[in-house]
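Report on the following structure.
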Amino acid sequence: MKPQIETVLPGPFALGEGPCWHGGEGALYFVDALRPAIHRWHPAEGLATWPMPAIVGSFAIKRGGGLIASLQTGFATVDLATGAVTPLVDPEPEKPANVLNDGKCDRRGRFWCGSRDGALKDPSGALYRLDPDLSAHRMDRGFIVSNGIAFSPDDRTMYFADSRAETVFAYDFDIDSGAISNRRVFFSTREIEGRCDGATVDAEGFYWCALVHGGKIARVDPKGRFDRLIDMPVKHPTMCTFGGDGLDVLYVTSAASMLSEEERARTPQAGNLFAIHGLGVKGLPEPMFAG
């Protein structure tokens, strides 16, 4: 059966990112990075919005309630009841032009997040791990635009992309210690249209990523070979995640900000939130932050 793509929430969101399914609520959380806010969409209840005080790159749901978020100004907690944003730690105070970008939790509740160069040119970004005790640790460095964080189902491999370097890396991952090692190239996007943006992993261990600038979603097997490409109705899909009651719907955020006015007129769905049905695979529950 051919996958069916539907718009579940029309935008346009300037830079939709970071979709995360909350199974307990049956709702999808996501961000608009450039009109900085975190949104919650529920099929029956509609849209709720929490404005952010700075550019927001990503977030994770906390086990005890609320969110942990990565802002241009550093890591912060978000109280969903009051909307209060409480700063925690800025891992890069010496780089005010950098922005904390893509982030995901591992299954021990640590929040992994990479930074990017504000001008999208220099390899000033790094990869950080925020532990449940709220201590931040730099785990690797030398990236232009950090993206594509995901973990294999067996917790032995961590994936991480530098979009501007056209490269997705794999690391050996120690779930007990939170250590990463043996960085190597998982796959490259140099020979295809688009660059790896946000990503997830399905229950079979295949890596799914949005190909921003390329208008596609890619499924990549554990050996780094392209398994499937799905055409999207927009040029700039930004991230994908599995959700729905059976974790069998792939939700995809997208961006309108990267288009000219003429391009926006030609692609009115740019910036929408999409759902892809009929893929024949399921995702895994998204881990929560333990702090």
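Residue names in the structure tokens use chain letters A, B, ... in the order shown, residue numbers from 1 in each chain, and ligand numbers from 1 in the order shown.
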| field | Polymer residues at most 10 Å from range 28-43 of chain A, only C-alpha atoms, same-chain spacing of 4 or more positions, as number ranges by chain | value | A: 8-9, 12-23, 47-61, 67, 69, 71-72, 78, 80, 101, 239, 241-244, 251-255, 257, 271, 273
| message | Can you pull out the residues contacting range 137-151 of chain A? Cut-off 6 Å, using only C-alpha atoms, and skip same-chain residues under 2 positions away; I want them as a ChimeraX atom specification. | response | /A:102,114-117,122-129,157-164,197-200
Could you save those same residues with N, CA and C atoms as a PDB file, in the first residue's frame?
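selection.pdb, written as the output of this step:
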ATOM      1  N   ASP A 102      19.254  20.215  17.712  1.00  0.00           N
ATOM      2  CA  ASP A 102      18.550  18.941  17.838  1.00  0.00           C
ATOM      3  C   ASP A 102      18.875  18.236  19.155  1.00  0.00           C
ATOM      4  N   GLY A 114      22.934  18.758  20.438  1.00  0.00           N
ATOM      5  CA  GLY A 114      24.058  19.355  19.729  1.00  0.00           C
ATOM      6  C   GLY A 114      23.815  20.822  19.463  1.00  0.00           C
ATOM      7  N   SER A 115      24.891  21.571  19.335  1.00  0.00           N
ATOM      8  CA  SER A 115      24.780  22.997  19.006  1.00  0.00           C
ATOM      9  C   SER A 115      25.152  23.214  17.542  1.00  0.00           C
ATOM     10  N   ARG A 116      24.827  24.417  17.061  1.00  0.00           N
ATOM     11  CA  ARG A 116      25.161  24.770  15.682  1.00  0.00           C
ATOM     12  C   ARG A 116      25.681  26.201  15.633  1.00  0.00           C
ATOM     13  N   ASP A 117      26.449  26.453  14.600  1.00  0.00           N
ATOM     14  CA  ASP A 117      26.896  27.813  14.326  1.00  0.00           C
ATOM     15  C   ASP A 117      25.707  28.646  13.889  1.00  0.00           C
ATOM     16  N   ASP A 122      30.605  27.729  10.253  1.00  0.00           N
ATOM     17  CA  ASP A 122      31.819  27.295  10.946  1.00  0.00           C
ATOM     18  C   ASP A 122      31.564  26.060  11.814  1.00  0.00           C
ATOM     19  N   PRO A 123      32.571  25.188  11.969  1.00  0.00           N
ATOM     20  CA  PRO A 123      32.416  23.997  12.801  1.00  0.00           C
ATOM     21  C   PRO A 123      32.597  24.314  14.290  1.00  0.00           C
ATOM     22  N   SER A 124      31.785  25.242  14.784  1.00  0.00           N
ATOM     23  CA  SER A 124      31.878  25.667  16.185  1.00  0.00           C
ATOM     24  C   SER A 124      30.929  24.911  17.091  1.00  0.00           C
ATOM     25  N   GLY A 125      30.136  24.008  16.511  1.00  0.00           N
ATOM     26  CA  GLY A 125      29.158  23.265  17.293  1.00  0.00           C
ATOM     27  C   GLY A 125      29.766  22.070  18.005  1.00  0.00           C
ATOM     28  N   ALA A 126      29.046  21.595  19.006  1.00  0.00           N
ATOM     29  CA  ALA A 126      29.495  20.448  19.795  1.00  0.00           C
ATOM     30  C   ALA A 126      28.292  19.600  20.173  1.00  0.00           C
ATOM     31  N   LEU A 127      28.573  18.413  20.670  1.00  0.00           N
ATOM     32  CA  LEU A 127      27.545  17.485  21.145  1.00  0.00           C
ATOM     33  C   LEU A 127      27.629  17.415  22.662  1.00  0.00           C
ATOM     34  N   TYR A 128      26.491  17.603  23.337  1.00  0.00           N
ATOM     35  CA  TYR A 128      26.442  17.624  24.797  1.00  0.00           C
ATOM     36  C   TYR A 128      25.502  16.538  25.325  1.00  0.00           C
ATOM     37  N   ARG A 129      25.791  16.129  26.553  1.00  0.00           N
ATOM     38  CA  ARG A 129      24.908  15.228  27.292  1.00  0.00           C
ATOM     39  C   ARG A 129      24.517  15.909  28.596  1.00  0.00           C
ATOM     40  N   THR A 157      24.150   1.676  19.676  1.00  0.00           N
ATOM     41  CA  THR A 157      24.594   2.636  18.664  1.00  0.00           C
ATOM     42  C   THR A 157      23.845   3.940  18.830  1.00  0.00           C
ATOM     43  N   MET A 158      24.583   5.048  18.761  1.00  0.00           N
ATOM     44  CA  MET A 158      23.994   6.369  18.723  1.00  0.00           C
ATOM     45  C   MET A 158      24.287   6.983  17.362  1.00  0.00           C
ATOM     46  N   TYR A 159      23.269   7.602  16.784  1.00  0.00           N
ATOM     47  CA  TYR A 159      23.408   8.273  15.498  1.00  0.00           C
ATOM     48  C   TYR A 159      23.400   9.784  15.712  1.00  0.00           C
ATOM     49  N   PHE A 160      24.176  10.476  14.887  1.00  0.00           N
ATOM     50  CA  PHE A 160      24.308  11.924  15.028  1.00  0.00           C
ATOM     51  C   PHE A 160      24.752  12.490  13.686  1.00  0.00           C
ATOM     52  N   ALA A 161      24.127  13.579  13.252  1.00  0.00           N
ATOM     53  CA  ALA A 161      24.422  14.142  11.935  1.00  0.00           C
ATOM     54  C   ALA A 161      24.992  15.547  12.039  1.00  0.00           C
ATOM     55  N   ASP A 162      25.861  15.881  11.105  1.00  0.00           N
ATOM     56  CA  ASP A 162      26.228  17.259  10.832  1.00  0.00           C
ATOM     57  C   ASP A 162      25.625  17.574   9.464  1.00  0.00           C
ATOM     58  N   SER A 163      24.494  18.293   9.470  1.00  0.00           N
ATOM     59  CA  SER A 163      23.758  18.512   8.224  1.00  0.00           C
ATOM     60  C   SER A 163      24.612  19.189   7.174  1.00  0.00           C
ATOM     61  N   ARG A 164      25.356  20.225   7.583  1.00  0.00           N
ATOM     62  CA  ARG A 164      26.133  20.994   6.618  1.00  0.00           C
ATOM     63  C   ARG A 164      27.352  20.225   6.115  1.00  0.00           C
ATOM     64  N   ASP A 197      18.267  16.092   8.490  1.00  0.00           N
ATOM     65  CA  ASP A 197      17.858  16.972   9.580  1.00  0.00           C
ATOM     66  C   ASP A 197      17.475  16.090  10.772  1.00  0.00           C
ATOM     67  N   GLY A 198      16.274  16.227  11.312  1.00  0.00           N
ATOM     68  CA  GLY A 198      15.887  15.429  12.474  1.00  0.00           C
ATOM     69  C   GLY A 198      15.578  13.991  12.106  1.00  0.00           C
ATOM     70  N   ALA A 199      15.700  13.081  13.096  1.00  0.00           N
ATOM     71  CA  ALA A 199      15.622  11.657  12.791  1.00  0.00           C
ATOM     72  C   ALA A 199      14.997  10.868  13.936  1.00  0.00           C
ATOM     73  N   THR A 200      14.668   9.614  13.618  1.00  0.00           N
ATOM     74  CA  THR A 200      14.195   8.658  14.616  1.00  0.00           C
ATOM     75  C   THR A 200      14.589   7.265  14.141  1.00  0.00           C
TER      76      THR A 200
END
| So which residues touch Pro287 in chain A within 10 Å, counting only C-alpha atoms, skipping near sequence neighbours fewer than 2 positions away, as a list in words? |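 Once the adjacent positions are removed, what remains is Cys20, His22, Ala60, Ile61, Lys62, Arg63, Lys104, Cys105, Asp106, Arg107, Arg108, Gly109, Arg110, Phe111, Leu284, Pro285, Phe289 and Ala290 of chain A.
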Keeping only N, CA, C and O atoms, take the residues you just selected and write them out as a PDB file, in the first residue's frame.
ATOM      1  N   CYS A  20       7.581  15.092  19.056  1.00  0.00           N
ATOM      2  CA  CYS A  20       7.745  14.051  20.080  1.00  0.00           C
ATOM      3  C   CYS A  20       6.368  13.609  20.534  1.00  0.00           C
ATOM      4  O   CYS A  20       5.573  14.430  21.008  1.00  0.00           O
ATOM      5  N   HIS A  22       3.753  11.984  22.970  1.00  0.00           N
ATOM      6  CA  HIS A  22       3.546  11.685  24.392  1.00  0.00           C
ATOM      7  C   HIS A  22       2.453  10.628  24.468  1.00  0.00           C
ATOM      8  O   HIS A  22       1.262  10.930  24.356  1.00  0.00           O
ATOM      9  N   ALA A  60      12.626  17.654  25.516  1.00  0.00           N
ATOM     10  CA  ALA A  60      12.204  16.299  25.862  1.00  0.00           C
ATOM     11  C   ALA A  60      11.202  16.398  26.992  1.00  0.00           C
ATOM     12  O   ALA A  60      11.229  17.337  27.796  1.00  0.00           O
ATOM     13  N   ILE A  61      10.323  15.432  27.051  1.00  0.00           N
ATOM     14  CA  ILE A  61       9.335  15.371  28.122  1.00  0.00           C
ATOM     15  C   ILE A  61      10.011  14.818  29.371  1.00  0.00           C
ATOM     16  O   ILE A  61      10.785  13.859  29.308  1.00  0.00           O
ATOM     17  N   LYS A  62       9.736  15.426  30.512  1.00  0.00           N
ATOM     18  CA  LYS A  62      10.318  14.986  31.778  1.00  0.00           C
ATOM     19  C   LYS A  62       9.418  13.931  32.421  1.00  0.00           C
ATOM     20  O   LYS A  62       8.187  14.041  32.382  1.00  0.00           O
ATOM     21  N   ARG A  63      10.038  12.946  33.047  1.00  0.00           N
ATOM     22  CA  ARG A  63       9.265  11.891  33.705  1.00  0.00           C
ATOM     23  C   ARG A  63       8.368  12.452  34.802  1.00  0.00           C
ATOM     24  O   ARG A  63       7.266  11.958  35.025  1.00  0.00           O
ATOM     25  N   LYS A 104      17.630  14.680  21.915  1.00  0.00           N
ATOM     26  CA  LYS A 104      16.867  13.474  22.187  1.00  0.00           C
ATOM     27  C   LYS A 104      17.349  12.871  23.510  1.00  0.00           C
ATOM     28  O   LYS A 104      18.519  13.015  23.887  1.00  0.00           O
ATOM     29  N   CYS A 105      16.465  12.147  24.192  1.00  0.00           N
ATOM     30  CA  CYS A 105      16.861  11.413  25.395  1.00  0.00           C
ATOM     31  C   CYS A 105      17.244   9.980  25.056  1.00  0.00           C
ATOM     32  O   CYS A 105      16.643   9.358  24.166  1.00  0.00           O
ATOM     33  N   ASP A 106      18.235   9.452  25.792  1.00  0.00           N
ATOM     34  CA  ASP A 106      18.484   8.021  25.721  1.00  0.00           C
ATOM     35  C   ASP A 106      17.570   7.316  26.732  1.00  0.00           C
ATOM     36  O   ASP A 106      16.824   7.951  27.475  1.00  0.00           O
ATOM     37  N   ARG A 107      17.645   5.992  26.774  1.00  0.00           N
ATOM     38  CA  ARG A 107      16.688   5.246  27.592  1.00  0.00           C
ATOM     39  C   ARG A 107      17.065   5.179  29.072  1.00  0.00           C
ATOM     40  O   ARG A 107      16.380   4.528  29.846  1.00  0.00           O
ATOM     41  N   ARG A 108      18.112   5.867  29.467  1.00  0.00           N
ATOM     42  CA  ARG A 108      18.404   6.077  30.875  1.00  0.00           C
ATOM     43  C   ARG A 108      18.021   7.495  31.304  1.00  0.00           C
ATOM     44  O   ARG A 108      18.313   7.892  32.425  1.00  0.00           O
ATOM     45  N   GLY A 109      17.388   8.221  30.408  1.00  0.00           N
ATOM     46  CA  GLY A 109      16.873   9.531  30.767  1.00  0.00           C
ATOM     47  C   GLY A 109      17.867  10.662  30.693  1.00  0.00           C
ATOM     48  O   GLY A 109      17.648  11.724  31.284  1.00  0.00           O
ATOM     49  N   ARG A 110      18.960  10.491  29.938  1.00  0.00           N
ATOM     50  CA  ARG A 110      19.898  11.592  29.696  1.00  0.00           C
ATOM     51  C   ARG A 110      19.461  12.331  28.428  1.00  0.00           C
ATOM     52  O   ARG A 110      19.027  11.707  27.464  1.00  0.00           O
ATOM     53  N   PHE A 111      19.612  13.643  28.410  1.00  0.00           N
ATOM     54  CA  PHE A 111      19.232  14.454  27.253  1.00  0.00           C
ATOM     55  C   PHE A 111      20.483  14.793  26.455  1.00  0.00           C
ATOM     56  O   PHE A 111      21.403  15.438  26.951  1.00  0.00           O
ATOM     57  N   LEU A 284       9.255   3.328  18.250  1.00  0.00           N
ATOM     58  CA  LEU A 284       9.492   2.971  19.648  1.00  0.00           C
ATOM     59  C   LEU A 284       9.061   4.135  20.535  1.00  0.00           C
ATOM     60  O   LEU A 284       9.104   5.298  20.118  1.00  0.00           O
ATOM     61  N   PRO A 285       8.641   3.857  21.754  1.00  0.00           N
ATOM     62  CA  PRO A 285       8.283   4.971  22.653  1.00  0.00           C
ATOM     63  C   PRO A 285       9.472   5.903  22.866  1.00  0.00           C
ATOM     64  O   PRO A 285      10.601   5.467  22.999  1.00  0.00           O
ATOM     65  N   PHE A 289      13.136  12.493  29.985  1.00  0.00           N
ATOM     66  CA  PHE A 289      14.258  12.983  30.785  1.00  0.00           C
ATOM     67  C   PHE A 289      14.029  12.606  32.242  1.00  0.00           C
ATOM     68  O   PHE A 289      12.956  12.823  32.802  1.00  0.00           O
ATOM     69  N   ALA A 290      15.080  12.079  32.878  1.00  0.00           N
ATOM     70  CA  ALA A 290      14.953  11.574  34.246  1.00  0.00           C
ATOM     71  C   ALA A 290      15.216  12.635  35.312  1.00  0.00           C
ATOM     72  O   ALA A 290      15.049  12.352  36.501  1.00  0.00           O
TER      73      ALA A 290
END
| field | Atomic separation - CA of Phe169 in chain A relative to CA of Leu250 in chain A, Å | value |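 It comes out at 22.7 Å.
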| field | Distance criterion (only C-alpha atoms): nearest to Gly246 in chain A out of A:Val99, A:Asp174, A:Gly194, A:Ala203 | value |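 Comparing A:Val99, A:Asp174, A:Gly194, A:Ala203 against Gly246 in chain A, the winner is A:Ala203.
CA of Asp79 in chain A is found 7.9 Å from CA of Gly65 in chain A.
Between Gly215 in chain A and the candidates A:Ser70, A:Thr77, A:Asn182, A:Thr267, the tightest atom-to-atom separation, counting only C-alpha atoms, involves A:Thr267.
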| Distance query range 86-97 of chain A at most 6 Å, only C-alpha atoms, self and fewer than 5 positions along chain excluded, as a PyMOL selection string | chain A and resi 74-77+118
